Every structure is written in C-alpha cells, then in structure tokens.
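Below is work-v9.cif, holding mmCIF, C-alpha atoms.
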data_work
#
loop_
_atom_site.label_atom_id
_atom_site.label_comp_id
_atom_site.auth_asym_id
_atom_site.auth_seq_id
_atom_site.Cartn_x
_atom_site.Cartn_y
_atom_site.Cartn_z
CA MET A 1035 48.78 16.54 4.92
CA ASP A 1036 46.92 15.38 8.01
CA LEU A 1037 43.48 16.54 9.09
CA LEU A 1038 44.83 18.62 11.97
CA ARG A 1039 46.98 20.72 9.67
CA GLN A 1040 44.06 21.17 7.26
CA ARG A 1041 42.02 22.46 10.17
CA LEU A 1042 44.74 24.81 11.34
CA VAL A 1043 45.34 26.22 7.88
CA PRO A 1044 42.06 26.90 6.11
CA ARG A 1045 42.32 27.84 2.45
CA ALA A 1046 41.42 31.52 2.62
CA ALA A 1047 41.23 34.33 0.11
CA GLY A 1048 44.48 36.21 -0.36
CA ARG A 1049 44.99 39.81 -1.51
CA ALA A 1050 44.04 39.11 -5.09
CA GLY A 1051 41.18 36.81 -4.13
CA ALA A 1052 43.14 33.65 -4.98
CA LEU A 1053 43.36 30.73 -2.60
CA THR A 1054 46.46 30.73 -0.44
CA SER A 1055 48.79 27.76 -0.40
CA ILE A 1056 48.88 25.44 2.58
CA GLU A 1057 52.66 25.56 2.33
CA PRO A 1058 54.07 27.45 5.36
CA LEU A 1059 55.13 31.05 5.01
CA LEU A 1060 57.67 30.70 7.83
CA GLN A 1061 59.48 27.70 9.31
CA VAL A 1062 61.41 27.96 12.58
CA ARG A 1063 63.66 24.95 13.08
CA SER A 1064 65.34 24.12 16.39
CA LEU A 1065 66.16 27.78 17.09
CA GLY A 1066 68.42 28.37 20.07
CA HIS A 1067 70.17 31.37 21.62
CA ARG A 1068 72.16 32.11 24.76
CA PHE A 1069 73.44 35.58 25.51
CA PRO A 1070 77.25 35.94 25.82
CA SER A 1071 76.91 37.74 29.15
CA VAL A 1072 75.41 34.57 30.65
CA ARG A 1073 78.37 32.26 30.12
CA GLY A 1074 77.41 28.74 30.97
CA GLY A 1075 73.94 29.90 31.92
CA PRO A 1076 70.60 28.65 30.62
CA TRP A 1077 69.54 29.12 27.02
CA ALA A 1078 67.24 32.10 26.48
CA VAL A 1079 65.63 30.08 23.66
CA CYS A 1080 66.17 26.35 23.25
CA ASP A 1081 65.14 24.08 20.40
CA ALA A 1082 62.16 26.21 19.30
CA SER A 1083 60.35 24.84 16.26
CA PHE A 1084 57.03 25.76 14.64
CA GLU A 1085 55.47 26.84 11.34
CA LEU A 1086 53.45 29.92 10.43
CA PHE A 1087 50.98 30.01 7.56
CA ALA A 1088 49.66 32.83 5.40
CA GLY A 1089 46.67 34.60 6.88
CA GLU A 1090 46.95 33.28 10.44
CA VAL A 1091 47.70 35.08 13.68
CA VAL A 1092 49.79 33.18 16.23
CA ALA A 1093 50.48 34.30 19.80
CA ILE A 1094 53.54 33.50 21.88
CA VAL A 1095 52.69 33.61 25.59
CA GLY A 1096 54.59 33.05 28.80
CA GLU A 1097 55.86 34.88 31.86
CA SER A 1098 58.57 37.55 31.71
CA GLY A 1099 61.96 36.00 30.97
CA SER A 1100 60.49 32.95 29.24
CA GLY A 1101 62.26 33.79 25.97
CA LYS A 1102 59.35 35.24 23.98
CA SER A 1103 61.03 38.43 22.79
CA THR A 1104 64.35 36.68 22.18
CA LEU A 1105 62.57 34.21 19.92
CA LEU A 1106 60.79 37.04 18.08
CA ASN A 1107 64.04 38.94 17.58
CA GLY A 1108 65.71 35.80 16.26
CA ILE A 1109 62.92 35.30 13.75
CA GLY A 1110 63.03 38.95 12.69
CA ALA A 1111 66.83 38.84 12.19
CA ARG A 1112 67.42 41.36 14.97
CA LEU A 1113 69.78 38.92 16.62
CA ARG A 1114 71.66 35.97 15.21
CA PRO A 1115 70.75 32.76 17.03
CA LEU A 1116 73.46 30.32 18.05
CA ALA A 1117 71.54 27.33 16.71
CA GLY A 1118 68.77 26.46 14.27
CA GLN A 1119 67.24 28.06 11.19
CA VAL A 1120 64.56 30.55 10.21
CA LEU A 1121 63.21 29.81 6.73
CA TYR A 1122 60.95 32.31 4.98
CA ARG A 1123 59.08 31.87 1.71
CA THR A 1124 59.42 35.13 -0.23
CA ALA A 1125 56.72 36.73 -2.37
CA ALA A 1126 58.71 35.66 -5.44
CA GLY A 1127 58.44 32.04 -4.30
CA PRO A 1128 61.92 30.83 -3.22
CA TRP A 1129 62.70 29.98 0.38
CA VAL A 1130 65.30 32.10 2.15
CA ASP A 1131 67.41 30.98 5.08
CA VAL A 1132 67.12 34.29 6.91
CA HIS A 1133 70.36 34.15 8.88
CA ALA A 1134 72.39 32.74 6.00
CA ALA A 1135 71.13 35.40 3.58
CA PRO A 1136 73.22 38.49 2.74
CA GLU A 1137 72.58 41.55 4.88
CA ARG A 1138 71.29 43.38 1.80
CA GLN A 1139 68.56 40.78 1.32
CA ARG A 1140 67.53 40.91 4.98
CA ARG A 1141 67.22 44.71 4.80
CA GLU A 1142 65.11 44.40 1.66
CA LEU A 1143 62.78 41.91 3.34
CA ALA A 1144 62.47 44.19 6.37
CA ARG A 1145 61.51 47.10 4.10
CA SER A 1146 59.07 45.29 1.85
CA GLU A 1147 57.71 41.98 3.14
CA TRP A 1148 58.02 42.24 6.92
CA GLY A 1149 56.79 44.60 9.60
CA PHE A 1150 58.00 44.82 13.20
CA VAL A 1151 55.88 46.55 15.85
CA GLU A 1152 57.99 47.45 18.86
CA GLN A 1153 56.81 47.18 22.46
CA ALA A 1154 57.71 50.85 23.00
CA ALA A 1155 56.28 52.83 20.10
CA ALA A 1156 59.06 55.40 20.42
CA ASP A 1157 61.53 52.70 19.36
CA GLY A 1158 59.60 52.08 16.15
CA LEU A 1159 59.07 55.70 15.12
CA ARG A 1160 61.19 58.69 14.16
CA LEU A 1161 60.04 61.15 16.80
CA ASN A 1162 61.50 64.27 15.19
CA VAL A 1163 59.69 64.00 11.85
CA SER A 1164 55.97 64.27 11.11
CA ALA A 1165 53.42 61.48 11.41
CA GLY A 1166 52.96 61.55 7.66
CA ALA A 1167 56.71 61.22 7.06
CA ASN A 1168 56.85 58.25 9.43
CA ILE A 1169 54.23 56.43 7.36
CA GLY A 1170 55.58 57.51 3.98
CA GLU A 1171 59.18 56.58 4.76
CA ARG A 1172 58.62 52.86 4.13
CA LEU A 1173 56.98 53.64 0.78
CA MET A 1174 59.94 55.82 -0.15
CA GLY A 1175 62.19 52.90 0.71
CA LEU A 1176 60.39 50.97 -2.03
CA GLY A 1177 61.00 53.75 -4.54
CA ASP A 1178 57.89 55.94 -4.37
CA ARG A 1179 58.93 59.62 -4.63
CA HIS A 1180 55.60 61.22 -5.58
CA TYR A 1181 54.93 63.73 -2.78
CA GLY A 1182 51.18 64.04 -3.37
CA ARG A 1183 50.67 60.27 -3.48
CA LEU A 1184 52.79 59.71 -0.38
CA ARG A 1185 50.87 62.33 1.55
CA ALA A 1186 47.47 61.00 0.43
CA THR A 1187 48.45 57.45 1.39
CA ALA A 1188 49.71 58.60 4.79
CA ALA A 1189 46.45 60.48 5.46
CA ASP A 1190 44.45 57.40 4.42
CA TRP A 1191 46.40 55.17 6.80
CA MET A 1192 46.07 57.63 9.66
CA GLN A 1193 42.32 57.39 9.19
CA ARG A 1194 42.49 53.57 9.06
CA VAL A 1195 44.20 53.46 12.46
CA GLU A 1196 41.81 56.03 13.95
CA LEU A 1197 44.18 59.01 13.92
CA ASP A 1198 43.00 62.42 12.76
CA PRO A 1199 44.47 63.03 9.27
CA ALA A 1200 44.53 66.73 10.13
CA ARG A 1201 47.50 65.90 12.38
CA ILE A 1202 49.56 64.53 9.50
CA ASP A 1203 52.19 67.25 10.02
CA ASP A 1204 52.43 66.78 13.79
CA ALA A 1205 55.46 64.97 15.20
CA PRO A 1206 54.86 61.76 17.19
CA ARG A 1207 56.24 63.54 20.26
CA ALA A 1208 52.90 65.37 20.43
CA PHE A 1209 50.91 62.11 20.45
CA SER A 1210 49.79 60.02 23.42
CA GLY A 1211 51.16 56.50 23.95
CA GLY A 1212 48.16 54.83 22.35
CA MET A 1213 48.26 57.20 19.39
CA ARG A 1214 51.96 56.52 18.88
CA GLN A 1215 51.30 52.79 18.85
CA ARG A 1216 48.56 53.20 16.23
CA LEU A 1217 50.93 55.35 14.18
CA GLN A 1218 53.61 52.67 14.43
CA ILE A 1219 51.10 50.09 13.18
CA ALA A 1220 50.24 52.33 10.21
CA ARG A 1221 53.95 52.79 9.47
CA ASN A 1222 54.41 49.02 9.35
CA LEU A 1223 51.29 48.08 7.42
CA VAL A 1224 51.41 50.77 4.72
CA THR A 1225 53.60 48.55 2.52
CA GLN A 1226 51.20 45.59 3.01
CA PRO A 1227 53.84 43.24 4.45
CA ARG A 1228 53.32 39.50 4.24
CA LEU A 1229 54.58 38.92 7.80
CA VAL A 1230 54.17 41.18 10.84
CA LEU A 1231 55.98 40.59 14.13
CA MET A 1232 54.57 42.34 17.21
CA ASP A 1233 56.33 42.53 20.57
CA GLU A 1234 53.83 43.23 23.39
CA PRO A 1235 51.93 45.82 21.29
CA THR A 1236 49.56 46.80 24.14
CA SER A 1237 52.09 46.82 26.99
CA GLY A 1238 52.11 49.93 29.18
CA LEU A 1239 48.81 51.31 27.86
CA ASP A 1240 45.70 52.06 29.89
CA VAL A 1241 43.05 49.34 29.82
CA SER A 1242 40.64 51.37 27.69
CA VAL A 1243 43.40 52.26 25.24
CA GLN A 1244 44.47 48.60 25.09
CA ALA A 1245 40.93 47.54 24.21
CA ARG A 1246 40.69 49.99 21.32
CA LEU A 1247 44.12 49.01 20.02
CA LEU A 1248 43.28 45.30 20.18
CA ASP A 1249 40.05 45.88 18.26
CA LEU A 1250 42.07 47.78 15.66
CA ILE A 1251 44.67 45.00 15.30
CA ARG A 1252 41.94 42.36 15.01
CA HIS A 1253 40.09 44.38 12.38
CA LEU A 1254 43.20 45.07 10.30
CA SER A 1255 44.48 41.49 10.51
CA GLN A 1256 41.16 40.17 9.21
CA ARG A 1257 40.68 42.83 6.55
CA LEU A 1258 44.25 42.67 5.21
CA HIS A 1259 44.61 38.89 5.65
CA LEU A 1260 47.77 39.44 7.69
CA CYS A 1261 50.15 36.77 8.82
CA ALA A 1262 51.17 37.90 12.31
CA LEU A 1263 53.22 36.61 15.22
CA ILE A 1264 52.36 38.39 18.47
CA VAL A 1265 54.36 38.18 21.70
CA THR A 1266 52.24 38.84 24.78
CA HIS A 1267 52.09 37.98 28.47
CA ASP A 1268 48.33 38.62 28.42
CA LEU A 1269 46.29 35.48 27.72
CA GLY A 1270 43.28 37.67 26.93
CA VAL A 1271 45.22 39.17 24.01
CA ALA A 1272 46.01 35.70 22.72
CA ARG A 1273 42.38 34.60 22.97
CA LEU A 1274 41.10 37.70 21.19
CA LEU A 1275 43.62 37.81 18.33
CA ALA A 1276 45.24 34.45 17.71
CA GLN A 1277 44.06 31.28 16.00
CA ARG A 1278 47.00 29.38 17.48
CA THR A 1279 49.07 29.89 20.62
CA LEU A 1280 52.60 28.83 21.60
CA VAL A 1281 53.43 28.64 25.30
CA MET A 1282 57.03 29.31 26.34
CA HIS A 1283 58.67 28.42 29.64
CA GLU A 1284 62.38 28.74 30.46
CA GLY A 1285 63.25 29.21 26.80
CA ARG A 1286 61.29 26.24 25.45
CA ILE A 1287 57.97 25.94 23.66
CA VAL A 1288 56.20 23.60 26.05
CA GLU A 1289 52.79 23.56 24.38
CA GLN A 1290 51.21 24.76 21.15
CA GLY A 1291 47.88 24.36 19.40
CA LEU A 1292 44.57 26.04 18.67
CA THR A 1293 44.18 28.94 21.09
CA ASP A 1294 40.86 27.84 22.56
CA ARG A 1295 42.20 24.32 23.13
CA VAL A 1296 45.43 25.54 24.76
CA LEU A 1297 43.66 27.99 27.08
CA ASP A 1298 40.55 25.91 27.87
CA ASP A 1299 42.20 22.50 28.12
CA PRO A 1300 45.91 23.03 28.85
CA GLN A 1301 48.01 19.86 28.88
CA HIS A 1302 51.43 20.97 30.14
CA PRO A 1303 51.73 21.67 33.89
CA TYR A 1304 53.20 25.12 33.21
CA THR A 1305 50.32 26.06 30.89
CA GLN A 1306 47.87 24.85 33.52
CA LEU A 1307 49.58 27.06 36.10
CA LEU A 1308 49.61 30.03 33.71
CA VAL A 1309 45.91 29.69 32.93
CA SER A 1310 44.90 29.09 36.55
CA SER A 1311 46.79 32.22 37.65
CA VAL A 1312 44.51 34.27 35.40
CA VAL A 1313 41.18 32.68 36.26
CA ALA A 1314 41.83 32.21 40.00
CA PRO A 1315 39.72 34.49 42.23
#

Transcribe the structure of this file into structure tokens.
Amino acid sequence: MDLLRQRLVPRAAGRAGALTSIEPLLQVRSLGHRFPSVRGGPWAVCDASFELFAGEVVAIVGESGSGKSTLLNGIGARLRPLAGQVLYRTAAGPWVDVHAAPERQRRELARSEWGFVEQAAADGLRLNVSAGANIGERLMGLGDRHYGRLRATAADWMQRVELDPARIDDAPRAFSGGMRQRLQIARNLVTQPRLVLMDEPTSGLDVSVQARLLDLIRHLSQRLHLCALIVTHDLGVARLLAQRTLVMHEGRIVEQGLTDRVLDDPQHPYTQLLVSSVVAP
C-alpha cells in the first residue's frame, strides 16, 4: 500500500470503536453506459474507475450532462451499465458484484446496507403517509414490528435532523422543501447504512436552507462515520463535505484526488475551467 493511499484512507474508529480496514468498501471498475435512445451517440459514462473506503465522503462534480447522476445510478443498481463492474464489500465480508447479483440480494442491500437520497425529496418519500411512517418503513423492512419502538426511533431521528417530533403524524406534503429533504435523510440513515449515495441533495433549495442542510449532512457523516458518495455541481458543497473529489467531463472522470488539491491546484484543463468559473469576478 503506497503512502498516498495511506493518507487518503486514515484508520478511523468504526461503529463499535474498532479500526476500519483499509480495504475498499466499493470498487467501480471501467463502468460505462450509453442510453438506447442515443444510438451511436456519446457514452453518458465511459470507463469510470475509482474506489471508496469506509468512513470517507467523496464528491462527484461537473457541469450538467457530464454523467454524474448516470454514474451514481449505475453504482446504486438503478440502471444496468453496458460495461464494467461495481463491486461492494458486504457487512458479512464477501464481495458482491452488484449487477451480477440476484435481484433479491440487490433489494436486500438497498434496504439494509445502502441509502439513496434523491435530488427531489418527493421522489424519495411516500407523500401520503406520515413522517414517522416514512422513517419507520425501512426498519419494518428489516423485521421490526414493535409499534412503540418504531415510533420512538422515528421521533428521535426527526429530532436529529432538526424536525419537530411533534409533527411525527404529519404527512410530508405539509412540509417545506428543506424539511422534506431532512426527512428523506432521516429515512435513509435510520437503518445505519454502510454506504449512502446522494444525488444533488441541496439542489433547488434557498441558500439559507442549503447551508443548514449541508451543516446537518456534515455533522451526521462525521458522527455516524458514514461512507458517502455525493453528486453535486456546486464546488462549495464538495469543499465543505468531501475528503476526495472526482471531476467528470463528457462522461469521463478526468481528475480525482484530495478535494483541497483538486480545487486549489487543478491539473486537467476542464477542472481549471470549472474552478475558474466559480472564482472569476
């Protein structure tokens, strides 16, 4: 193991206080996808490869149409890529080839070990049931049927994400956009997933609401020792949340490394253009 990797992957305390392994939690190998409607057109994602380690937050940045969300959906098994592999190390230890695994196993991973925070909170919530039911549903999927315990856990998580527990019986339709996004985060984190995928979690929110939500995500990721992959077009989000950053352009990862290095000393011409477009007067 070289010194760079040791720097990128510090041995940090896990949930039980034990040291985490420096073995990757996720390996993406030469992932590629082209949508059928674009016959003969460019690849939405081409030859994407990287690793993700326990306890680290990694951002994927780039302009709209660069392939960020397509890559995230391929990793999260929401679409089947045309090329490459996504390998995930389960809590039990064995590696799973996500797209070669049975559908039953993928659903089980989605319920227990993964979380997926949608860009539009309405897509990640059941709007016609209560806030408490939205949070408790994932626990029920793991077999918990104790009403009092489910309700107490839901109230606790509403408080953790700065929602009033007194609104536990309110439907998400009655919540603002920022409140819905916090509820969606609680719904995903209640089962303490090992891997969380977030697709533009602050998109479409007012600046002040974005700031509070980012502070919440940063706090929870540190406190829960989350492994998270966050898609964003906002370089400020990457700098605030991520230890490492991947830069995508026209479907390819053109640069990756420690976030401060990538944003303060970009090497690829596209990254230089992306950074200069933010800091230019």

What would the list of residues within 10 Å of (64.6, 27.6, 2.5) (file frame) look like as JSON, numbers by chain, if all atoms listed in the file are what count? {"A": [1060, 1061, 1119, 1120, 1121, 1122, 1123, 1124, 1128, 1129, 1130, 1131, 1132, 1134]}

With distances taken over only C-alpha atoms, which of A:Asp1268, A:Asp1204, A:Asp1157, A:Glu1284 is nearest to Leu1297 in chain A?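 Counting only C-alpha atoms, the residue closest to Leu1297 in chain A is A:Asp1268.
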
Using all atoms listed in the file, what residues lie at most 12 Å away from (50.1, 30.2, 30.1) (file coordinates), given as a ChimeraX atom specification? /A:1093-1098,1100,1266-1273,1279-1283,1287-1290,1293,1296-1313

Give me the range 1072-1165 of chain A side of the contact with range 1261-1264 of chain A, cut-off 9 Å, one line per residue showing its nearest atom pair and distance in Å at one decimal, counting only C-alpha atoms, sorted by chain and residue number, as a tab-separated table.
residue	atom	partner	partner_atom	distance
A:Leu1086	CA	A:Cys1261	CA	7.8
A:Phe1087	CA	A:Cys1261	CA	6.9
A:Ala1088	CA	A:Cys1261	CA	5.2
A:Gly1089	CA	A:Cys1261	CA	4.5
A:Glu1090	CA	A:Cys1261	CA	5.0
A:Val1091	CA	A:Ala1262	CA	4.7
A:Val1092	CA	A:Leu1263	CA	5.0
A:Ala1093	CA	A:Ile1264	CA	4.7
A:Ile1094	CA	A:Ile1264	CA	6.1
A:Val1095	CA	A:Ile1264	CA	8.6
A:Leu1106	CA	A:Leu1263	CA	8.1

Looking at A:Ala1117, A:Ala1276, A:Leu1105, A:Val1243, which one is nearest to Ser1255 in chain A, with distances taken over all atoms listed in the file?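 Closest to Ser1255 in chain A, using all atoms listed in the file: A:Ala1276.
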